[in-house]
Structure formats: C-alpha cells, structure tokens
Amino acid sequence: MLPGICRSTVGAVRSVVGVSRRHFLQQSSSLGTVAPKLEDAVTNEDTFAGRALYMDAQSTTPLDPRVLDAMMPYSLAYFGNPHSRTHSYGWESEEAVEKARAQVARLIGADSREIIFTSGATESNNISVKGVGRFYKSRKKHILTTQTEHKCVLDSCRALEGEGFEVTYLPVQSNGIVDLKVFEEAIRPDTVLASVMMVNNEIGVKQPIPEMGKICRAHKVFLHTDAAQAVGKIPVDVNEMNIDLMSISGHKIYAPKGIGALYVRRRPRVRIEALQSGGGQERGMRSGTLPTPLIVGLGEACNISQKEMEYDHKRISALANRLISKVTGQISDVIQNGDPDQRYPGCVNLSFAYIEGESLLMALKSVALSSGSACTSASLEPSYVLRAIGAAEDLAHSSIRFGIGRFTTEEEIDYTAQQCISKVTALREMSPLWEMVQEGIDIKEIQWSQH
C-alpha cells in the first residue's frame, strides 16, 4: 500500500492526465495536444494561436500516463538508493529496478541479466562500438557499419579510427537497405563488430537484421544494432535475430527522457571495456547510481508496448496510409523516401519537389514536424541519409518527416494533410522553378551561371 503523500499525488496526476488512452485523448485537448477543429483551422490558419499538434514521434514521444503512474511512488516515497544493501529503502528500490530489468528483457526475448541500464541510446551506442572495439583491439581492429547510421555511431567509429582502427562505411541501395552480399563481402578476418541500425530514424526503413545476424555469427563477428526506433514498435527477439548488442531508448517508447538500456549477450559472451570508472554497477559496464524512477518508467513502457504492439502497429499503419494517400492524391511530384514495404509505418519521409523543406516547415507552424533527425536538424546541409540513398540535392532539401505515434488521431492526420496540401500549393505558386516545369522546361538541362 502506498504512503498517504504518494497516494494523493498519484491521484492528482490521474485527475489531470487520465489513466486510460481514451481519457488521455479526451483530456489532451485542454493541454493543447490535439489538432484545432479543421473548420476553424481553414478559416483562421494565418492567426493560429496555441500549441501546434505533434507529428514528430521519431524525435521523441510523450510520456504515457500509465508510465507516469508507475514512476510516481519511486519519486516520492520509495526514494532509496537501489545499491544500498543494508536497509529496506535500498531493497525496495532494488526490487523495482530488477522488475523493470525483467520487463525490458521480456520485450526483446532476452535474459534479465543481459540488460544494462544507461542514459539512453546514444550512451548505449557509444559503449557498444567503443567498448567492444577497445576490448578486442589486440586481435581485431576492423569495424563495419553503414553510411545511414545515427550520428553517435558514426562519430564513435571516427573516434576509433583516430585510435588506429579501420572502419568500412557500407553504402545502401536506393531504397535505403544494405545489400546483404555487399555486407558479407565487407567482412574481414580482423572484423570485430558490425553495427547496423534496425529501423532508420529518418526514413523508417528496416534493415535485414536476422540475415545479418546469421552472417555475423558464421564469421564470428559481433553484431550490434541501434534499435531505438524499433523496440516496442515491431517484434524483436535477440536470439532469433542473432543480435549480440542492442541499444534501446526510453523516450522513443513513451517512457521518460534520460533512460535507456543496452542488451549485451552472455552466451556466447561479449566483452566490453567500460567507458567510465566508478562503483562497478551494471556488471562493471556502466558505473553510477541507477535512477530508480526512470528505470521503473522504462520497464512499464516496455510492458505496455508488449501488450499493445499489435494494436498500435495496425492503427499507426492505417494512419500512415491515410496521410500518404491524402497528400499524394492532391499534390503531384511527391516522393516517398525509403523502401515502401520494408519500413516502420510510423515514420513517413516525403520530399516535395520545387520547394524548400525549411520553407514548408515554417509555413506549417500549426504542426510540429521536422526535416530529419533532431540530432542534426540544426544544420542547413541536406540529410546525409537522403544523400546516401541517392536523392537529388534539391529533393533532399525538400524532405519532411512525419512521425505518427500512439496518441495521434485521425483528426490530426486529416488536419496535417490539409495544411500540407494548402502550403505546398501556395509555395509552388511562388516558385520560379515550378513555373518553368509547368511551361515544360526541363530544369535539369539548364546551365545555371554563378554571379
């Protein structure tokens, strides 16, 4: 039974955000998370006031109210250090941490002893790439990765190159997927690790991880996958897929920010050189006091995702198809980036020819969208992921990523599509390139002169 202060606080939280998904959606309009009424938006779109509706689920997801309910007792009443072994405060927190560890493990088909808690996928990726590379550097000094990995993986590989490692950055095909034949041919006798993202964070394509796992196992190479955009959204089984290390992020699956996990296989054993020194927590791989409330939140988020994955995937697929059909049905020259079939449906990346993506983002001020990864969106350079799949520079500049999540509604999809159609049409009417195309001029044949 919860102490009085904890019960009253949890009750207050429930009354604000609700417990069930339906209640959350009903209440969220007062919090500014649901789209304005469509008829109001159409007549009053230039004087939009209030918070924009959220369509950037690949960047982050809102905290599920049920996750917050699970976390609250460990923020207020059960505040003990989980590493304190001499009193009940520590035992209570340790029990909660181990329960969450089991929940994370259950979601991915792992043993709970193989789960290491970290601050997020960036730290997990750093530990995997640098930790494995440095531990085995006396025998093997070659790393295999792809050109479309998250920046933290690419930067970790570059750091190892500075330490004398060789790194092969594999190209991807025009659909964003790695050619398995090219992947296998790139493996060398001194290859220690292959790191391949399971679901790309910009274009949503799914890499053939099970097949890569078999290839790596046959060549005695460890396989690491950044599964931040995959875990909790698509079925993942580390044993069936022959995955040796896997990175997980909490805030991508409706858990709090600042918490993640790293799966490290025990048999065959994967050895890691720790990146930070300390008390030797988490099997010596990640020292530091564990944040019990955040870990409890991650565990509950994994528990919810396991129960509702099939329902969420079906619903999000329908919403994604609805968005794509509405936009492409009303606007010409729209390109969907990435493989149309081997992809996670909640990540829709579209390029709108003859306009700038940044201009469209500014015009769509009532919808929170992005033009690519939040980790690189501060740069005005076109996405390196889109360049890697061979997208023309003008199309790479005109791409928009639509992120659809658990709490996205049909009304929000319809509103986003309507706004997108309206703003693209208006921007193209102002575009001299669009005018040339309408007159039948092939702009690719024009020799532009510099001034």
# chains A, B, ... in the order shown; residues from 1 in each chain; ligands from 1
>>> residues_around(residues="Val424 in chain A", least_positions_apart="3", cutoff="8 Å", atoms="only C-alpha atoms", output="number ranges by chain")
A: 331, 352, 355, 360, 420-421, 427-428
>>> select_by_dssp(residues="range 86-202 of chain A", states="helix (DSSP H, G or I)", output="number ranges by chain")
A: 88-108, 112-114, 121-135, 151-161, 180-186
>>> write_last_selection(atoms="C-alpha atoms", output="PDB file, in the first residue's frame")
ATOM      1  CA  SER A  88      14.627  -1.536   3.378  1.00  0.00           C
ATOM      2  CA  TYR A  89      14.818   1.715   1.405  1.00  0.00           C
ATOM      3  CA  GLY A  90      17.529   0.226  -0.772  1.00  0.00           C
ATOM      4  CA  TRP A  91      15.807  -3.157  -1.027  1.00  0.00           C
ATOM      5  CA  GLU A  92      12.550  -1.575  -2.221  1.00  0.00           C
ATOM      6  CA  SER A  93      14.329   0.344  -4.978  1.00  0.00           C
ATOM      7  CA  GLU A  94      16.448  -2.648  -5.966  1.00  0.00           C
ATOM      8  CA  GLU A  95      13.337  -4.810  -6.280  1.00  0.00           C
ATOM      9  CA  ALA A  96      11.725  -2.215  -8.553  1.00  0.00           C
ATOM     10  CA  VAL A  97      14.872  -1.978 -10.706  1.00  0.00           C
ATOM     11  CA  GLU A  98      15.057  -5.744 -11.139  1.00  0.00           C
ATOM     12  CA  LYS A  99      11.358  -5.927 -12.041  1.00  0.00           C
ATOM     13  CA  ALA A 100      11.922  -3.284 -14.731  1.00  0.00           C
ATOM     14  CA  ARG A 101      15.003  -5.145 -15.954  1.00  0.00           C
ATOM     15  CA  ALA A 102      12.868  -8.261 -16.415  1.00  0.00           C
ATOM     16  CA  GLN A 103      10.198  -6.240 -18.268  1.00  0.00           C
ATOM     17  CA  VAL A 104      12.763  -4.878 -20.723  1.00  0.00           C
ATOM     18  CA  ALA A 105      14.275  -8.337 -21.212  1.00  0.00           C
ATOM     19  CA  ARG A 106      10.862  -9.920 -21.801  1.00  0.00           C
ATOM     20  CA  LEU A 107      10.085  -7.472 -24.601  1.00  0.00           C
ATOM     21  CA  ILE A 108      13.170  -8.480 -26.599  1.00  0.00           C
ATOM     22  CA  SER A 112      17.279 -10.075 -17.480  1.00  0.00           C
ATOM     23  CA  ARG A 113      20.984 -10.453 -16.591  1.00  0.00           C
ATOM     24  CA  GLU A 114      21.806  -9.265 -20.134  1.00  0.00           C
ATOM     25  CA  ALA A 121      20.583   5.014 -26.919  1.00  0.00           C
ATOM     26  CA  THR A 122      23.460   7.446 -27.513  1.00  0.00           C
ATOM     27  CA  GLU A 123      25.333   6.118 -24.485  1.00  0.00           C
ATOM     28  CA  SER A 124      24.415   2.536 -25.373  1.00  0.00           C
ATOM     29  CA  ASN A 125      25.785   3.016 -28.892  1.00  0.00           C
ATOM     30  CA  ASN A 126      29.000   4.543 -27.562  1.00  0.00           C
ATOM     31  CA  ILE A 127      29.510   1.683 -25.102  1.00  0.00           C
ATOM     32  CA  SER A 128      28.856  -0.901 -27.804  1.00  0.00           C
ATOM     33  CA  VAL A 129      31.108   0.474 -30.525  1.00  0.00           C
ATOM     34  CA  LYS A 130      33.957   1.848 -28.420  1.00  0.00           C
ATOM     35  CA  GLY A 131      33.707  -0.733 -25.626  1.00  0.00           C
ATOM     36  CA  VAL A 132      33.831  -3.800 -27.875  1.00  0.00           C
ATOM     37  CA  GLY A 133      36.435  -2.289 -30.190  1.00  0.00           C
ATOM     38  CA  ARG A 134      38.818  -1.372 -27.396  1.00  0.00           C
ATOM     39  CA  PHE A 135      38.466  -4.681 -25.559  1.00  0.00           C
ATOM     40  CA  LYS A 151      25.443  10.292 -35.783  1.00  0.00           C
ATOM     41  CA  CYS A 152      26.561   8.866 -32.431  1.00  0.00           C
ATOM     42  CA  VAL A 153      27.518   5.576 -34.116  1.00  0.00           C
ATOM     43  CA  LEU A 154      29.337   7.320 -36.958  1.00  0.00           C
ATOM     44  CA  ASP A 155      31.196   9.608 -34.540  1.00  0.00           C
ATOM     45  CA  SER A 156      32.123   6.641 -32.323  1.00  0.00           C
ATOM     46  CA  CYS A 157      33.576   4.906 -35.378  1.00  0.00           C
ATOM     47  CA  ARG A 158      35.543   8.034 -36.286  1.00  0.00           C
ATOM     48  CA  ALA A 159      36.894   8.153 -32.735  1.00  0.00           C
ATOM     49  CA  LEU A 160      38.139   4.578 -33.125  1.00  0.00           C
ATOM     50  CA  GLU A 161      39.729   5.476 -36.458  1.00  0.00           C
ATOM     51  CA  LEU A 180      23.489  -8.481 -47.943  1.00  0.00           C
ATOM     52  CA  LYS A 181      26.049  -9.654 -50.494  1.00  0.00           C
ATOM     53  CA  VAL A 182      27.997  -6.399 -50.130  1.00  0.00           C
ATOM     54  CA  PHE A 183      27.669  -6.706 -46.349  1.00  0.00           C
ATOM     55  CA  GLU A 184      29.159 -10.211 -46.248  1.00  0.00           C
ATOM     56  CA  GLU A 185      31.932  -9.363 -48.699  1.00  0.00           C
ATOM     57  CA  ALA A 186      32.987  -6.449 -46.489  1.00  0.00           C
TER      58      ALA A 186
END
>>> select_by_dssp(residues="range 102-349 of chain A", states="strand (DSSP E)", output="ChimeraX atom specification")
/A:115-118,142-146,166-170,191-195,222-226,245-249,260-264,334-336,347-349
>>> closest_residue(among="A:Ser366, A:Ser383, A:Asn175, A:Gln336", to="Glu412 in chain A", atoms="only C-alpha atoms")
A:Ser366
>>> closest_residue(among="A:Gln342, A:Ser287, A:Thr168, A:Asn321", to="Asn200 in chain A", atoms="only C-alpha atoms")
A:Gln342
>>> closest_residue(among="A:Gln418, A:Thr225, A:Ser359, A:Thr145", to="Ser325 in chain A", atoms="only C-alpha atoms")
A:Gln418
>>> residues_around(residues="range 57-69 of chain A", least_positions_apart="3", cutoff="6 Å", atoms="only C-alpha atoms", output="number ranges by chain")
A: 19, 72, 251-252, 254-255, 297, 300-301, 374, 403-405
>>> write_last_selection(atoms="C-alpha atoms", output="short mmCIF file (atom, residue, chain, number, x, y, z; two decimals), in the first residue's frame")
data_model
loop_
_atom_site.label_atom_id
_atom_site.label_comp_id
_atom_site.auth_asym_id
_atom_site.auth_seq_id
_atom_site.Cartn_x
_atom_site.Cartn_y
_atom_site.Cartn_z
CA VAL A 19 -5.29 6.68 -16.85
CA MET A 72 5.43 8.44 -9.08
CA HIS A 251 11.77 8.37 -24.73
CA LYS A 252 11.07 6.74 -28.10
CA TYR A 254 6.59 6.73 -24.22
CA ALA A 255 9.00 6.43 -21.27
CA GLY A 297 9.16 4.11 -16.22
CA GLU A 300 6.40 -0.09 -17.56
CA ALA A 301 6.69 1.39 -21.06
CA ALA A 374 16.62 16.12 -34.37
CA GLY A 403 6.18 10.97 -37.08
CA ILE A 404 2.98 9.13 -36.15
CA GLY A 405 2.60 7.74 -32.64
#
>>> residues_around(residues="Asp414 in chain A", least_positions_apart="3", cutoff="8 Å", atoms="only C-alpha atoms", output="list in words")
Leu323, Lys326, Glu410, Glu411, Ala417 and Gln418 of chain A
>>> closest_residue(among="A:Pro256, A:Gly176, A:Pro210, A:Pro73", to="Gly338 in chain A", atoms="only C-alpha atoms")
A:Gly176
